[in-house]
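Trainee: To be precise about what I am sending: the file is called query-v4.txt and holds compact mmCIF, C-alpha atoms and all ligand atoms.
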```txt
# COMPACT_ATOMS: atom_id res chain seq x y z
CA MET A 530 -13.92 -101.53 -35.50
CA PRO A 531 -12.85 -103.93 -38.30
CA PHE A 532 -10.76 -106.97 -37.34
CA THR A 533 -10.08 -105.33 -33.97
CA ALA A 534 -10.22 -106.58 -30.40
CA ASN A 535 -12.74 -103.84 -29.63
CA ARG A 536 -12.97 -104.36 -25.88
CA GLN A 537 -9.19 -104.20 -25.48
CA PHE A 538 -8.83 -101.30 -27.88
CA LYS A 539 -11.25 -99.16 -25.88
CA LYS A 540 -9.04 -99.46 -22.83
CA ALA A 541 -5.90 -98.21 -24.62
CA PRO A 542 -6.73 -96.83 -28.07
CA ARG A 543 -3.88 -96.46 -30.51
CA MET A 544 -4.73 -93.29 -32.39
CA LEU A 545 -2.84 -91.90 -35.39
CA VAL A 546 -3.35 -88.23 -36.24
CA ALA A 547 -0.89 -87.49 -39.08
CA ALA A 548 1.49 -89.17 -41.49
CA GLU A 549 4.34 -88.15 -43.75
CA GLY A 550 6.90 -90.16 -45.69
CA MET A 551 7.88 -93.21 -43.64
CA HIS A 552 6.22 -92.10 -40.40
CA TYR A 553 2.95 -91.84 -38.55
CA THR A 554 2.39 -89.35 -35.75
CA THR A 555 0.40 -90.60 -32.78
CA ALA A 556 -2.16 -88.60 -30.79
CA ASP A 557 0.44 -88.15 -28.06
CA GLY A 558 2.95 -86.75 -30.55
CA ARG A 559 5.23 -89.78 -31.04
CA GLN A 560 6.75 -90.70 -34.43
CA ILE A 561 6.11 -94.29 -35.51
CA LEU A 562 8.15 -95.83 -38.33
CA ASP A 563 5.69 -97.46 -40.71
CA GLY A 564 6.85 -101.04 -41.20
CA THR A 565 3.66 -102.14 -42.94
CA ALA A 566 2.81 -99.38 -45.46
CA GLY A 567 -0.44 -98.88 -43.57
CA LEU A 568 -2.18 -102.14 -44.40
CA TRP A 569 0.17 -103.16 -47.24
CA CYS A 570 -1.11 -100.22 -49.27
CA CYS A 571 0.85 -96.96 -48.86
CA ASN A 572 3.62 -98.13 -51.16
CA ALA A 573 4.85 -94.58 -51.90
CA GLY A 574 4.78 -93.60 -48.23
CA HIS A 575 2.51 -90.95 -46.78
CA LYS A 576 1.28 -87.49 -47.74
CA ARG A 577 2.80 -87.59 -51.20
CA PRO A 578 2.41 -84.17 -52.88
CA LYS A 579 1.36 -85.40 -56.36
CA ILE A 580 -1.42 -87.52 -54.90
CA VAL A 581 -2.65 -84.78 -52.56
CA GLN A 582 -2.69 -82.28 -55.41
CA ALA A 583 -4.42 -84.63 -57.84
CA ILE A 584 -7.23 -85.27 -55.35
CA GLN A 585 -7.69 -81.60 -54.53
CA GLU A 586 -7.82 -80.56 -58.19
CA GLN A 587 -10.20 -83.34 -59.16
CA ALA A 588 -12.58 -82.56 -56.28
CA ALA A 589 -12.75 -78.99 -57.50
CA GLU A 590 -13.37 -80.00 -61.14
CA LEU A 591 -15.54 -83.13 -61.46
CA ASP A 592 -16.41 -84.63 -58.11
CA TYR A 593 -18.58 -87.52 -59.32
CA ALA A 594 -19.95 -88.89 -62.56
CA PRO A 595 -22.56 -91.65 -62.79
CA ALA A 596 -20.69 -94.91 -63.15
CA PHE A 597 -23.34 -96.57 -65.33
CA GLN A 598 -23.91 -95.64 -68.99
CA MET A 599 -21.63 -92.61 -68.55
CA GLY A 600 -17.89 -92.05 -68.54
CA HIS A 601 -15.24 -89.44 -67.85
CA PRO A 602 -11.73 -89.06 -69.28
CA LYS A 603 -9.72 -89.97 -66.20
CA VAL A 604 -11.22 -93.44 -65.86
CA PHE A 605 -10.02 -94.34 -69.37
CA GLU A 606 -6.67 -92.68 -68.74
CA LEU A 607 -6.16 -94.72 -65.59
CA ALA A 608 -7.30 -97.95 -67.27
CA ASN A 609 -4.76 -97.36 -70.05
CA ARG A 610 -1.98 -96.56 -67.62
CA LEU A 611 -2.77 -99.69 -65.63
CA VAL A 612 -2.70 -102.06 -68.56
CA ASP A 613 0.51 -100.41 -69.80
CA LEU A 614 2.07 -101.18 -66.43
CA ALA A 615 0.75 -104.76 -66.31
CA PRO A 616 2.37 -107.61 -68.26
CA GLU A 617 1.47 -107.86 -71.91
CA PRO A 618 -1.61 -110.08 -72.00
CA PHE A 619 -3.61 -107.66 -69.84
CA GLU A 620 -5.53 -105.22 -71.97
CA HIS A 621 -8.64 -104.25 -70.00
CA ALA A 622 -9.54 -102.98 -66.54
CA PHE A 623 -12.75 -103.01 -64.52
CA PHE A 624 -12.80 -100.69 -61.51
CA THR A 625 -14.05 -101.53 -58.02
CA ASN A 626 -13.62 -99.94 -54.60
CA SER A 627 -11.62 -102.51 -52.67
CA GLY A 628 -9.73 -105.75 -52.83
CA SER A 629 -12.80 -107.67 -51.70
CA GLU A 630 -14.87 -106.20 -54.51
CA SER A 631 -12.13 -106.95 -57.03
CA VAL A 632 -12.28 -110.59 -55.99
CA GLU A 633 -16.07 -110.81 -56.25
CA THR A 634 -15.87 -109.12 -59.64
CA ALA A 635 -13.22 -111.51 -60.96
CA LEU A 636 -15.14 -114.59 -59.77
CA LYS A 637 -18.33 -113.33 -61.41
CA ILE A 638 -16.50 -112.47 -64.63
CA ALA A 639 -15.03 -115.99 -64.70
CA ILE A 640 -18.42 -117.69 -64.50
CA ALA A 641 -20.07 -115.27 -66.93
CA TYR A 642 -17.15 -115.63 -69.36
CA HIS A 643 -17.62 -119.37 -69.67
CA ARG A 644 -21.37 -118.92 -70.08
CA ALA A 645 -20.84 -116.33 -72.82
CA ARG A 646 -18.78 -118.94 -74.68
CA GLY A 647 -21.39 -121.66 -74.33
CA GLU A 648 -19.82 -123.42 -71.34
CA GLY A 649 -22.44 -122.50 -68.74
CA GLN A 650 -21.71 -125.67 -66.77
CA ARG A 651 -18.37 -124.24 -65.65
CA THR A 652 -19.41 -122.71 -62.32
CA ARG A 653 -17.14 -124.34 -59.77
CA LEU A 654 -14.50 -122.17 -58.09
CA ILE A 655 -11.24 -123.39 -56.58
CA GLY A 656 -9.35 -121.47 -53.91
CA ARG A 657 -6.61 -122.54 -51.54
CA GLU A 658 -6.26 -123.23 -47.84
CA ARG A 659 -4.90 -120.20 -45.97
CA GLY A 660 -5.86 -117.98 -48.92
CA TYR A 661 -7.19 -114.48 -48.16
CA HIS A 662 -9.46 -112.95 -50.75
CA GLY A 663 -11.28 -110.32 -48.74
CA VAL A 664 -14.38 -110.64 -46.65
CA ASN A 665 -17.36 -110.81 -48.97
CA PHE A 666 -19.17 -114.10 -49.49
CA GLY A 667 -17.32 -115.15 -52.64
CA GLY A 668 -13.98 -114.19 -51.13
CA ILE A 669 -14.47 -116.06 -47.85
CA SER A 670 -15.81 -119.07 -49.75
CA VAL A 671 -12.70 -119.44 -51.92
CA GLY A 672 -10.53 -118.17 -49.06
CA GLY A 673 -9.04 -120.60 -46.61
CA ILE A 674 -8.79 -118.89 -43.23
CA VAL A 675 -11.01 -120.63 -40.72
CA ASN A 676 -11.84 -117.61 -38.55
CA ASN A 677 -13.06 -115.69 -41.59
CA ARG A 678 -15.40 -118.54 -42.53
CA LYS A 679 -16.65 -120.47 -39.55
CA VAL A 680 -19.36 -118.19 -38.11
CA PHE A 681 -20.81 -116.98 -41.40
CA GLY A 682 -23.07 -119.81 -42.46
CA SER A 683 -22.91 -122.09 -45.43
CA LEU A 684 -21.04 -119.81 -47.89
CA LEU A 685 -20.98 -120.46 -51.67
CA THR A 686 -21.61 -123.97 -52.89
CA GLY A 687 -19.46 -125.57 -55.58
CA VAL A 688 -16.16 -124.46 -54.09
CA ASP A 689 -13.08 -126.59 -53.45
CA HIS A 690 -9.63 -125.81 -52.12
CA LEU A 691 -6.06 -126.64 -52.99
CA PRO A 692 -3.74 -127.41 -50.07
CA HIS A 693 -1.66 -124.52 -48.76
CA THR A 694 2.07 -124.52 -49.35
CA HIS A 695 3.37 -123.59 -45.89
CA ASP A 696 5.86 -126.25 -44.82
CA LEU A 697 8.12 -125.40 -41.89
CA LYS A 698 9.62 -128.89 -41.83
CA ARG A 699 11.05 -128.67 -45.31
CA ASN A 700 11.39 -124.95 -45.96
CA ALA A 701 12.10 -123.04 -42.71
CA PHE A 702 14.48 -120.06 -43.04
CA THR A 703 14.51 -120.17 -46.83
CA ARG A 704 15.64 -116.95 -48.45
CA GLY A 705 13.22 -116.17 -51.27
CA GLN A 706 11.19 -118.94 -52.90
CA PRO A 707 11.09 -122.29 -51.07
CA GLU A 708 12.70 -125.27 -52.76
CA HIS A 709 10.00 -127.77 -51.78
CA GLY A 710 6.30 -127.94 -52.56
CA ALA A 711 5.82 -127.48 -56.32
CA GLU A 712 4.06 -130.87 -56.40
CA LEU A 713 1.22 -129.40 -54.28
CA ALA A 714 -0.03 -127.71 -57.46
CA ASP A 715 -0.72 -131.19 -58.86
CA GLU A 716 -3.54 -131.50 -56.32
CA LEU A 717 -5.53 -129.55 -58.87
CA GLU A 718 -5.50 -132.65 -61.06
CA ARG A 719 -7.09 -134.60 -58.20
CA ILE A 720 -9.78 -131.92 -57.79
CA CYS A 721 -10.39 -131.99 -61.56
CA ALA A 722 -10.71 -135.77 -61.50
CA LEU A 723 -13.17 -135.56 -58.61
CA HIS A 724 -15.53 -132.97 -60.10
CA GLY A 725 -14.82 -133.17 -63.82
CA PRO A 726 -12.63 -130.35 -65.13
CA GLU A 727 -15.41 -129.17 -67.44
CA THR A 728 -17.37 -128.01 -64.34
CA ILE A 729 -14.59 -125.74 -63.06
CA ALA A 730 -14.66 -122.04 -63.94
CA ALA A 731 -11.59 -120.70 -62.21
CA VAL A 732 -8.77 -121.17 -59.75
CA ILE A 733 -7.92 -118.17 -57.59
CA VAL A 734 -4.70 -117.87 -55.61
CA GLU A 735 -2.51 -115.14 -54.22
CA PRO A 736 0.81 -115.60 -56.05
CA MET A 737 2.31 -114.86 -52.64
CA ALA A 738 -0.13 -115.29 -49.77
CA GLY A 739 0.16 -112.10 -47.72
CA SER A 740 -2.46 -111.77 -45.01
CA THR A 741 -2.05 -115.32 -43.83
CA GLY A 742 1.59 -114.75 -43.07
CA VAL A 743 3.72 -114.08 -46.17
CA LEU A 744 3.79 -117.56 -47.71
CA LEU A 745 5.96 -117.60 -50.80
CA PRO A 746 5.19 -119.90 -53.70
CA PRO A 747 7.57 -122.86 -53.92
CA LYS A 748 9.78 -122.83 -57.00
CA ASP A 749 7.84 -123.98 -60.08
CA TYR A 750 4.51 -124.14 -58.17
CA LEU A 751 2.81 -121.30 -60.05
CA GLN A 752 4.09 -122.63 -63.38
CA ARG A 753 2.53 -126.02 -62.66
CA LEU A 754 -0.75 -124.44 -61.63
CA ARG A 755 -0.77 -122.47 -64.88
CA ALA A 756 -0.06 -125.55 -66.96
CA ILE A 757 -2.85 -127.59 -65.37
CA THR A 758 -5.46 -124.81 -65.59
CA LYS A 759 -4.58 -124.22 -69.23
CA LYS A 760 -4.79 -127.90 -70.06
CA HIS A 761 -8.36 -128.06 -68.70
CA GLY A 762 -9.65 -124.68 -69.98
CA ILE A 763 -9.88 -123.33 -66.42
CA LEU A 764 -9.23 -119.64 -65.82
CA LEU A 765 -6.43 -118.71 -63.43
CA ILE A 766 -6.90 -115.60 -61.28
CA PHE A 767 -3.99 -114.06 -59.38
CA ASP A 768 -5.16 -112.02 -56.42
CA GLU A 769 -2.51 -109.31 -56.42
CA VAL A 770 -4.14 -107.00 -53.90
CA ILE A 771 -0.89 -107.10 -51.89
CA THR A 772 1.68 -108.07 -54.53
CA GLY A 773 0.48 -105.50 -57.07
CA PHE A 774 2.43 -102.22 -57.36
CA GLY A 775 5.96 -103.12 -56.52
CA ARG A 776 5.88 -105.18 -53.34
CA LEU A 777 8.09 -107.94 -54.81
CA GLY A 778 10.26 -105.61 -56.85
CA ALA A 779 8.22 -105.63 -60.08
CA PRO A 780 4.92 -103.92 -60.89
CA PHE A 781 2.99 -107.20 -60.58
CA ALA A 782 3.85 -110.66 -59.25
CA ALA A 783 2.70 -112.17 -62.57
CA GLY A 784 5.61 -110.40 -64.26
CA TYR A 785 7.99 -111.10 -61.39
CA PHE A 786 7.34 -114.87 -61.54
CA ASP A 787 6.77 -114.77 -65.30
CA VAL A 788 3.51 -116.71 -64.98
CA MET A 789 0.54 -115.13 -66.72
CA PRO A 790 -2.90 -115.73 -65.24
CA ASP A 791 -6.12 -114.78 -67.06
CA MET A 792 -7.11 -112.12 -64.56
CA ILE A 793 -5.36 -110.05 -61.93
CA THR A 794 -7.18 -108.46 -59.01
CA CYS A 795 -5.62 -105.42 -57.38
CA ALA A 796 -6.43 -102.56 -54.98
CA LYS A 797 -4.39 -101.06 -52.10
CA GLY A 798 -1.28 -99.68 -53.88
CA LEU A 799 -3.39 -98.63 -56.87
CA THR A 800 -4.15 -95.36 -55.08
CA ASN A 801 -1.42 -95.66 -52.44
CA GLY A 802 -4.23 -96.53 -50.03
CA VAL A 803 -5.39 -92.92 -50.03
CA ILE A 804 -8.80 -93.35 -51.69
CA PRO A 805 -10.61 -96.71 -51.77
CA MET A 806 -10.19 -98.27 -55.21
CA GLY A 807 -9.57 -101.66 -56.76
CA ALA A 808 -9.45 -103.11 -60.25
CA VAL A 809 -9.65 -106.37 -62.17
CA LEU A 810 -7.31 -106.66 -65.13
CA THR A 811 -8.29 -109.06 -67.89
CA THR A 812 -6.94 -110.32 -71.16
CA ALA A 813 -8.49 -109.44 -74.51
CA GLN A 814 -9.80 -113.01 -74.70
CA ILE A 815 -12.00 -112.48 -71.67
CA HIS A 816 -13.10 -109.00 -72.64
CA ASP A 817 -13.90 -110.07 -76.19
CA ALA A 818 -16.03 -113.01 -75.05
CA PHE A 819 -18.49 -110.47 -73.66
CA MET A 820 -18.25 -108.15 -76.65
CA THR A 821 -18.69 -110.77 -79.36
CA GLY A 822 -21.48 -112.81 -77.78
CA PRO A 823 -25.14 -112.21 -78.59
CA GLU A 824 -25.82 -108.48 -78.49
CA HIS A 825 -27.42 -107.25 -75.29
CA LEU A 826 -27.80 -103.67 -74.20
CA ILE A 827 -25.41 -104.38 -71.32
CA GLU A 828 -22.69 -107.01 -71.70
CA LEU A 829 -21.73 -107.49 -68.05
CA PHE A 830 -24.47 -106.98 -65.48
CA HIS A 831 -22.16 -105.92 -62.69
CA GLY A 832 -20.72 -102.72 -61.25
CA TYR A 833 -20.65 -100.31 -58.34
CA THR A 834 -21.89 -96.75 -57.81
CA TYR A 835 -18.28 -95.75 -57.18
CA SER A 836 -16.61 -97.81 -59.95
CA GLY A 837 -14.07 -95.47 -61.53
CA ASN A 838 -14.94 -92.60 -59.19
CA PRO A 839 -13.20 -89.49 -60.59
CA ILE A 840 -11.40 -88.61 -57.36
CA ALA A 841 -10.20 -92.19 -56.94
CA CYS A 842 -8.97 -92.13 -60.56
CA ALA A 843 -7.12 -88.87 -59.91
CA ALA A 844 -5.53 -90.45 -56.83
CA GLY A 845 -4.59 -93.48 -58.94
CA LEU A 846 -2.97 -91.34 -61.63
CA GLY A 847 -1.08 -89.29 -59.02
CA THR A 848 0.07 -92.55 -57.45
CA LEU A 849 1.27 -94.10 -60.72
CA ASP A 850 3.12 -90.83 -61.53
CA THR A 851 4.82 -90.94 -58.15
CA TYR A 852 5.80 -94.60 -58.59
CA ALA A 853 7.21 -93.86 -62.07
CA GLU A 854 9.10 -90.70 -61.17
CA GLU A 855 10.79 -92.30 -58.18
CA GLY A 856 11.33 -95.77 -59.67
CA LEU A 857 9.43 -97.28 -56.75
CA LEU A 858 8.02 -100.31 -58.52
CA THR A 859 11.49 -101.82 -58.93
CA ARG A 860 12.95 -100.49 -55.70
CA GLY A 861 11.99 -103.72 -53.96
CA ALA A 862 14.40 -105.54 -56.27
CA GLU A 863 17.20 -103.07 -55.54
CA LEU A 864 16.83 -103.32 -51.78
CA ALA A 865 15.93 -107.03 -51.65
CA GLY A 866 19.43 -108.21 -50.69
CA TYR A 867 19.83 -105.68 -47.87
CA TRP A 868 16.31 -106.40 -46.62
CA GLU A 869 16.90 -110.14 -46.73
CA ASP A 870 20.16 -109.96 -44.76
CA ALA A 871 18.62 -107.64 -42.18
CA LEU A 872 15.60 -109.90 -41.65
CA HIS A 873 17.60 -113.09 -41.44
CA SER A 874 19.87 -111.50 -38.80
CA LEU A 875 16.93 -112.18 -36.43
CA ARG A 876 17.49 -115.92 -36.76
CA GLY A 877 18.45 -117.45 -33.43
CA LEU A 878 16.49 -114.93 -31.33
CA PRO A 879 14.05 -116.44 -28.80
CA HIS A 880 10.95 -118.16 -30.21
CA VAL A 881 11.83 -117.46 -33.88
CA ILE A 882 10.95 -120.61 -35.88
CA ASP A 883 11.02 -119.21 -39.42
CA ILE A 884 11.94 -116.12 -41.42
CA ARG A 885 10.68 -115.51 -44.96
CA ASN A 886 11.35 -112.71 -47.41
CA MET A 887 11.08 -111.48 -50.97
CA GLY A 888 11.32 -107.98 -52.51
CA LEU A 889 10.28 -105.65 -49.69
CA ILE A 890 8.09 -108.06 -47.80
CA GLY A 891 8.98 -110.35 -44.96
CA ALA A 892 7.74 -112.43 -42.06
CA VAL A 893 9.08 -113.67 -38.77
CA GLU A 894 7.18 -116.67 -37.43
CA LEU A 895 7.17 -117.26 -33.68
CA GLU A 896 6.58 -120.44 -31.73
CA PRO A 897 3.05 -120.07 -30.32
CA ILE A 898 2.59 -120.15 -26.55
CA ALA A 899 0.94 -123.52 -25.79
CA GLY A 900 -2.81 -123.05 -25.49
CA GLU A 901 -2.59 -119.32 -26.26
CA PRO A 902 -2.06 -118.92 -29.98
CA THR A 903 -1.52 -115.36 -31.29
CA LYS A 904 -0.61 -114.02 -27.83
CA ARG A 905 3.15 -113.91 -28.30
CA ALA A 906 3.08 -112.11 -31.63
CA PHE A 907 0.42 -109.66 -30.50
CA SER A 908 2.52 -108.82 -27.50
CA ALA A 909 5.39 -108.13 -29.95
CA PHE A 910 3.08 -105.78 -31.87
CA LEU A 911 2.22 -103.82 -28.71
CA LYS A 912 5.84 -103.60 -27.56
CA ALA A 913 6.99 -102.59 -31.04
CA TYR A 914 4.43 -99.80 -31.13
CA GLU A 915 5.70 -98.54 -27.77
CA LYS A 916 9.23 -98.55 -29.18
CA GLY A 917 8.21 -96.58 -32.27
CA ILE A 918 7.72 -99.12 -35.07
CA LEU A 919 4.54 -100.38 -36.69
CA ILE A 920 4.48 -104.09 -37.48
CA ARG A 921 1.56 -106.37 -38.28
CA THR A 922 0.70 -109.75 -36.87
CA THR A 923 -1.42 -112.59 -38.11
CA GLY A 924 -1.60 -115.56 -35.78
CA ASP A 925 1.94 -115.95 -34.46
CA ILE A 926 3.50 -114.47 -37.56
CA ILE A 927 4.92 -110.96 -37.71
CA ALA A 928 4.58 -109.46 -41.18
CA LEU A 929 6.58 -106.55 -42.53
CA SER A 930 5.89 -104.65 -45.75
CA PRO A 931 7.31 -101.13 -45.48
CA PRO A 932 6.66 -98.31 -47.94
CA LEU A 933 8.89 -98.70 -51.00
CA ILE A 934 10.54 -95.34 -50.27
CA ILE A 935 12.31 -96.97 -47.32
CA GLU A 936 16.04 -96.20 -46.88
CA LYS A 937 18.68 -98.53 -45.45
CA ASP A 938 18.80 -96.67 -42.12
CA HIS A 939 15.04 -97.18 -41.74
CA ILE A 940 15.55 -100.90 -42.39
CA ASP A 941 18.22 -100.93 -39.68
CA GLN A 942 15.87 -99.17 -37.25
CA LEU A 943 12.91 -101.42 -38.09
CA ILE A 944 14.78 -104.70 -37.81
CA GLY A 945 16.96 -103.53 -34.91
CA THR A 946 13.92 -102.50 -32.87
CA LEU A 947 12.10 -105.69 -33.76
CA GLY A 948 15.11 -107.67 -32.58
CA ASP A 949 15.09 -105.77 -29.26
CA VAL A 950 11.38 -106.56 -28.91
CA LEU A 951 11.86 -110.26 -29.66
CA LYS A 952 14.52 -110.50 -26.93
CA THR A 953 11.98 -109.34 -24.33
CA LEU A 954 9.13 -111.72 -25.23
CA ASP A 955 7.94 -114.29 -22.71
N1 LIG B 1001 -7.21 -110.01 -51.47
C1 LIG B 1001 -6.01 -109.98 -50.88
C2 LIG B 1001 -4.92 -110.84 -51.43
C3 LIG B 1001 -5.77 -109.14 -49.80
O1 LIG B 1001 -4.58 -109.12 -49.22
C4 LIG B 1001 -6.82 -108.31 -49.34
C5 LIG B 1001 -6.64 -107.36 -48.17
N2 LIG B 1001 -5.60 -107.60 -47.33
C6 LIG B 1001 -8.06 -108.39 -49.98
C7 LIG B 1001 -8.22 -109.24 -51.04
C8 LIG B 1001 -9.22 -107.56 -49.52
O2 LIG B 1001 -9.01 -106.22 -49.75
P1 LIG B 1001 -9.95 -105.13 -49.04
O3 LIG B 1001 -9.62 -105.16 -47.58
O4 LIG B 1001 -9.55 -103.86 -49.73
O5 LIG B 1001 -11.35 -105.50 -49.33
```
Here is the file; what I need is its structure written in the form of structure tokens.

Mentor:
Amino acid sequence: MPFTANRQFKKAPRMLVAAEGMHYTTADGRQILDGTAGLWCCNAGHKRPKIVQAIQEQAAELDYAPAFQMGHPKVFELANRLVDLAPEPFEHAFFTNSGSESVETALKIAIAYHRARGEGQRTRLIGRERGYHGVNFGGISVGGIVNNRKVFGSLLTGVDHLPHTHDLKRNAFTRGQPEHGAELADELERICALHGPETIAAVIVEPMAGSTGVLLPPKDYLQRLRAITKKHGILLIFDEVITGFGRLGAPFAAGYFDVMPDMITCAKGLTNGVIPMGAVLTTAQIHDAFMTGPEHLIELFHGYTYSGNPIACAAGLGTLDTYAEEGLLTRGAELAGYWEDALHSLRGLPHVIDIRNMGLIGAVELEPIAGEPTKRAFSAFLKAYEKGILIRTTGDIIALSPPLIIEKDHIDQLIGTLGDVLKTLD
């Protein structure tokens, strides 16, 4: 099983058999409040009628169309809807099947873009420590999580990393964006000086690093990164696989922070997690570089059998309809204050060394047990599950990202139960 302690899981499997709204049902008939929107993806909650219906109807009409040299109406409809939802500079979409594939696609587009414009020497890619960009070779190369990298060989060459921005000394218990750390973006100048900026194709960062523990960008950090990349002709890619589709209280983090990258990767909430699908959004400048270069039969030699799969597109359209009808993509902004107060009420409980929040995402960081990192938080996960709430842990950090349909009484239950769990931890 993926990212699972398989030997432990076998002894006591946690099996889910149904889901509706804010809840999962377990094999033994218990209701579990979903505090993580599945894996940060079921932003509209579970078993949403429009999405179910869209999938059923599409399966009965056009189940599959070849993805290469052929099209079908729904893939263009979804692309148009996506770029309408995204901030203004984004005009084109390329479909993939996951967040990992969106990342690989964006990195390849970046290198090919420069080559199409006569700058073929720009091949270097810059990621960031503690970054998560999926599990394929490009993604783990630019990513910065040691366990995802260390046993998989030599990875991509020509990659460098910015420092991460997590700073408990200066920023612990900040509500929203941390005050300190914008200057860490200036490290990009050092990397440029080291390699020559004209060799760098792209910088990829999560505007808010999710999987590594909900690390919010310090104030002005993303703006500085944008200014430096622009100055040197380097593309900036925001990996919005988690922040896309309302997590922070706006459709995309780019709009929320008002910093426009050159590409956005997304997945997860694009189909509410129901059917695997991802996308890369690009500006006209990037798209046009491929269209106006020397004429080839095929402009971008890249794609997947299931790119723009009709049933995935139907799920995506049903999802975007649901978000729009229920105002879910801005609900994170409406509930942010209540969510923030609830989360920060956990301050002072045993072992809690930091609490972070924004929109409808949050993290509670625990002091690791000496010599046994991850044990304390994982024990919280198991206890929380017994008490009827689903949380997620990464290292000794508990992450929360509930479906955006959450109500205040669910927030009370989620945070109240988590508080009870924290009081019982060794
Ligand atoms: N990028 C980011 C920022 C992610 O959070 C994730 C998944 N958590 C991925 C990429 C990879 O997505 P997937 O698991 O769909 O390949």

Trainee: Name the closest residue to Phe623 of chain A among the candidates A:Ala635, A:Ile920, A:Leu858, A:Ile940; distances are taken between atoms, counting all atoms listed in the file.

Mentor: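 Using all atoms listed in the file, the shortest distance to Phe623 of chain A belongs to A:Ala635.
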
Trainee: Suppose you want the space between atom CA of Leu872 of chain A and atom CA of His552 of chain A; what is it in Å?

Mentor: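 Interatomic distance here is 20.2 Å.
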
Trainee: If we count all atoms listed in the file and set the cut-off at 9 Å, which residues sit around Val770 of chain A, ignoring sequence neighbours fewer than 2 positions away in its own chain? Please answer as a list in words.

Mentor: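 Near Val770 of chain A, the qualifying residues are Trp569, Cys570, Ser627, Gly628, Ser629, Ser631, His662, Glu735, Phe767, Asp768, Thr772, Gly773, Phe774, Ile793, Thr794, Cys795, Ala796, Lys797, Gly798, Leu799 and Gly807 of chain A.
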
Trainee: Write out as a list in words the residues lying within 10 Å of Ile561 of chain A, counting all atoms listed in the file and excluding same-chain residues fewer than 4 positions away.

Mentor: Leu545, Ala548, Met551, His552, Tyr553, Thr554, Thr555, Ala913, Tyr914, Glu915, Lys916, Gly917, Ile918 and Leu919 of chain A

Trainee: Looking at A:Lys937, A:His601, A:Arg719, A:Arg657, which one is nearest to ligand LIG 1001 (chain B), with distances taken over all atoms listed in the file?

Mentor: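 The answer is A:Arg657, which sits nearest to ligand LIG 1001 (chain B).
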
Trainee: As an exercise, work out the distance from atom CA of Tyr593 of chain A to atom CA of Met806 of chain A in Å and give it to one decimal place.

Mentor: 14.2 Å

Trainee: Using all atoms listed in the file, what does the table of segment 563-591 of chain A residues within 12 Å of segment 888-907 of chain A look like, with each row giving the shortest atom pair and its distance in Å to one decimal, sorted by chain and ascending number, as JSON lines?

Mentor:
```
{"residue": "A:Gly564", "atom": "CA", "partner": "A:Ile890", "partner_atom": "CA", "distance": 9.7}
{"residue": "A:Thr565", "atom": "CA", "partner": "A:Ile890", "partner_atom": "CA", "distance": 8.8}
{"residue": "A:Ala566", "atom": "CA", "partner": "A:Ile890", "partner_atom": "CA", "distance": 10.4}
{"residue": "A:Trp569", "atom": "CA", "partner": "A:Ile890", "partner_atom": "CA", "distance": 9.3}
{"residue": "A:Asn572", "atom": "CA", "partner": "A:Leu889", "partner_atom": "CA", "distance": 10.2}
```

Trainee: Kindly indicate which residue among A:Ala573, A:Leu636, A:Ala871, A:Ile926 lies nearest to Arg704 of chain A, using all atoms listed in the file for the distances.

Mentor: A:Ala871

Trainee: Which residue gives the smallest distance to Met789 of chain A among A:Gln752, A:Asn665, A:Thr923, A:Gln560, with all atoms listed in the file counted?

Mentor: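 Of all the options, A:Gln752 lies closest to Met789 of chain A.
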
Trainee: Could you name the residues that touch Ile669 of chain A at 10 Å or less, counting only C-alpha atoms, but leaving out those on the same chain fewer than 4 positions away, as a PyMOL selection string?

Mentor: chain A and resi 629+656+660-665+673-679+681+684-685

Trainee: Rank nothing, just name the residue among A:Ser670, A:Ser740, A:Thr533, A:Thr634 nearest to Ile927 of chain A, using all atoms listed in the file.

Mentor: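 Result for the nearest residue to Ile927 of chain A: A:Ser740.
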
Trainee: Got a minute to add N, CA and C atoms to segment 850-856 of chain A and dump it as a short mmCIF file (atom, residue, chain, number, x, y, z; two decimals), keeping the file's coordinate frame?

Mentor:
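Output saved as rebuild-v2.cif:
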```cif
data_model
loop_
_atom_site.label_atom_id
_atom_site.label_comp_id
_atom_site.auth_asym_id
_atom_site.auth_seq_id
_atom_site.Cartn_x
_atom_site.Cartn_y
_atom_site.Cartn_z
N ASP A 850 2.07 -91.82 -61.21
CA ASP A 850 3.12 -90.83 -61.53
C ASP A 850 4.23 -90.88 -60.49
N THR A 851 3.83 -90.93 -59.23
CA THR A 851 4.82 -90.94 -58.15
C THR A 851 5.69 -92.20 -58.24
N TYR A 852 5.04 -93.35 -58.45
CA TYR A 852 5.80 -94.60 -58.59
C TYR A 852 6.82 -94.47 -59.74
N ALA A 853 6.33 -93.92 -60.88
CA ALA A 853 7.21 -93.86 -62.07
C ALA A 853 8.36 -92.90 -61.85
N GLU A 854 8.04 -91.72 -61.33
CA GLU A 854 9.10 -90.70 -61.17
C GLU A 854 10.19 -91.15 -60.21
N GLU A 855 9.81 -91.93 -59.21
CA GLU A 855 10.79 -92.30 -58.18
C GLU A 855 11.29 -93.74 -58.34
N GLY A 856 10.87 -94.38 -59.42
CA GLY A 856 11.33 -95.77 -59.67
C GLY A 856 10.93 -96.74 -58.57
#
```
